[in-house]
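Reviewing the structure listed below.
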Amino acid sequence: TMAANNNYFVDTSAARTLTLPASPTLGDTIVIYDATGTAATNNITIARNGNKINGQTENAIIDVDQSSSIFTYTGSTLGWRFD
């Protein structure tokens, strides 16, 4: 499980699953980087841990090589917001 207000450099030499905090606070942020540049082949799954992601009740998938994603907790309506 990830901790709020941290950066995570993910080794995508294999598929990975990272879990968001269960009890986030408004404004919490988490930054995830594809450190090895192979997320398109070995996806990074972001497990929502009971909270919404972009207003959806589904886990997020990062599948773009060399990407960086910023997750910000915006409250219970949208949950974790990211582009």
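Chain labels A, B, ... are given in the sequence in which chains occur in the structure tokens; within each chain residues are numbered consecutively from 1, and ligands are likewise numbered from 1 in the order shown.
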
Shell of 9 Å around region 35-44 of chain A, only C-alpha atoms, local chain residues under 6 positions omitted, as an MDAnalysis selection string: chainID A and resid 8:18 60:68

Selection export as a PDB file, in the first residue's frame, atoms kept: N, CA and C atoms:
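Dumped everything to out.pdb:
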ATOM      1  N   TYR A   8       6.728   7.349  -6.379  1.00  0.00           N
ATOM      2  CA  TYR A   8       7.035   5.937  -6.557  1.00  0.00           C
ATOM      3  C   TYR A   8       7.622   5.724  -7.943  1.00  0.00           C
ATOM      4  N   PHE A   9       8.832   5.178  -7.987  1.00  0.00           N
ATOM      5  CA  PHE A   9       9.523   4.865  -9.229  1.00  0.00           C
ATOM      6  C   PHE A   9       9.375   3.363  -9.426  1.00  0.00           C
ATOM      7  N   VAL A  10       8.540   2.978 -10.383  1.00  0.00           N
ATOM      8  CA  VAL A  10       8.126   1.584 -10.516  1.00  0.00           C
ATOM      9  C   VAL A  10       8.958   0.854 -11.564  1.00  0.00           C
ATOM     10  N   ASP A  11       9.515  -0.273 -11.170  1.00  0.00           N
ATOM     11  CA  ASP A  11      10.243  -1.163 -12.072  1.00  0.00           C
ATOM     12  C   ASP A  11       9.200  -1.963 -12.849  1.00  0.00           C
ATOM     13  N   THR A  12       9.075  -1.678 -14.132  1.00  0.00           N
ATOM     14  CA  THR A  12       8.075  -2.360 -14.953  1.00  0.00           C
ATOM     15  C   THR A  12       8.689  -3.482 -15.790  1.00  0.00           C
ATOM     16  N   SER A  13       9.728  -4.131 -15.253  1.00  0.00           N
ATOM     17  CA  SER A  13      10.256  -5.318 -15.926  1.00  0.00           C
ATOM     18  C   SER A  13       9.271  -6.479 -15.787  1.00  0.00           C
ATOM     19  N   ALA A  14       8.271  -6.312 -14.933  1.00  0.00           N
ATOM     20  CA  ALA A  14       7.139  -7.227 -14.780  1.00  0.00           C
ATOM     21  C   ALA A  14       5.926  -6.369 -14.418  1.00  0.00           C
ATOM     22  N   ALA A  15       4.732  -6.898 -14.642  1.00  0.00           N
ATOM     23  CA  ALA A  15       3.509  -6.169 -14.272  1.00  0.00           C
ATOM     24  C   ALA A  15       3.500  -5.954 -12.755  1.00  0.00           C
ATOM     25  N   ARG A  16       2.993  -4.808 -12.330  1.00  0.00           N
ATOM     26  CA  ARG A  16       2.962  -4.458 -10.904  1.00  0.00           C
ATOM     27  C   ARG A  16       1.569  -3.987 -10.504  1.00  0.00           C
ATOM     28  N   THR A  17       1.233  -4.207  -9.239  1.00  0.00           N
ATOM     29  CA  THR A  17       0.011  -3.657  -8.659  1.00  0.00           C
ATOM     30  C   THR A  17       0.401  -2.840  -7.444  1.00  0.00           C
ATOM     31  N   LEU A  18      -0.038  -1.575  -7.436  1.00  0.00           N
ATOM     32  CA  LEU A  18       0.191  -0.672  -6.312  1.00  0.00           C
ATOM     33  C   LEU A  18      -1.170  -0.316  -5.729  1.00  0.00           C
ATOM     34  N   ALA A  60      -7.281   1.596 -11.763  1.00  0.00           N
ATOM     35  CA  ALA A  60      -6.675   2.306 -12.898  1.00  0.00           C
ATOM     36  C   ALA A  60      -5.520   1.473 -13.445  1.00  0.00           C
ATOM     37  N   ILE A  61      -5.269   1.624 -14.728  1.00  0.00           N
ATOM     38  CA  ILE A  61      -4.162   0.941 -15.390  1.00  0.00           C
ATOM     39  C   ILE A  61      -3.268   1.997 -16.034  1.00  0.00           C
ATOM     40  N   ILE A  62      -1.988   1.944 -15.738  1.00  0.00           N
ATOM     41  CA  ILE A  62      -1.007   2.804 -16.405  1.00  0.00           C
ATOM     42  C   ILE A  62      -0.319   1.927 -17.444  1.00  0.00           C
ATOM     43  N   ASP A  63      -0.482   2.295 -18.727  1.00  0.00           N
ATOM     44  CA  ASP A  63       0.035   1.453 -19.807  1.00  0.00           C
ATOM     45  C   ASP A  63       0.757   2.261 -20.888  1.00  0.00           C
ATOM     46  N   VAL A  64       1.412   3.332 -20.453  1.00  0.00           N
ATOM     47  CA  VAL A  64       2.174   4.182 -21.371  1.00  0.00           C
ATOM     48  C   VAL A  64       3.631   4.164 -20.927  1.00  0.00           C
ATOM     49  N   ASP A  65       4.519   3.780 -21.845  1.00  0.00           N
ATOM     50  CA  ASP A  65       5.945   3.735 -21.527  1.00  0.00           C
ATOM     51  C   ASP A  65       6.459   5.095 -21.067  1.00  0.00           C
ATOM     52  N   GLN A  66       7.316   5.078 -20.055  1.00  0.00           N
ATOM     53  CA  GLN A  66       7.986   6.256 -19.516  1.00  0.00           C
ATOM     54  C   GLN A  66       7.027   7.325 -18.992  1.00  0.00           C
ATOM     55  N   SER A  67       5.841   6.909 -18.588  1.00  0.00           N
ATOM     56  CA  SER A  67       4.848   7.874 -18.125  1.00  0.00           C
ATOM     57  C   SER A  67       5.074   8.263 -16.672  1.00  0.00           C
ATOM     58  N   SER A  68       4.476   9.386 -16.310  1.00  0.00           N
ATOM     59  CA  SER A  68       4.367   9.776 -14.913  1.00  0.00           C
ATOM     60  C   SER A  68       2.917  10.161 -14.685  1.00  0.00           C
TER      61      SER A  68
END

Within 10 Å of Gln56 (chain A), counting only C-alpha atoms, which residues show up once you throw out same-chain ones fewer than 2 positions away? Write them as an MDAnalysis selection string, please. chainID A and resid 48 51:54 58:60 77:80

Taking the backbone alone, and naming residues the way the document does, which bits of chain A are strand (DSSP E or B) by DSSP, as a count of residues only? 32

Can you work out the spacing between CA of Asn6 (chain A) and CA of Arg81 (chain A) in Å, to one decimal? 15.6 Å

Env of Ala3 (chain A): 9 Å cut, atoms = only C-alpha atoms, seq-sep filter 5 positions within chain, self excluded. Answer as number ranges by chain. A: 20-21, 30

What's the 9 Å shell around Thr25 (chain A), counting only C-alpha atoms, without same-chain residues fewer than 4 positions away, as a list of chain:residue names? A:Ala4, A:Tyr73, A:Thr74, A:Gly75

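When CA of Asp34 (chain A) is paired with CA of Asn49 (chain A), their separation reads 21.0 Å.
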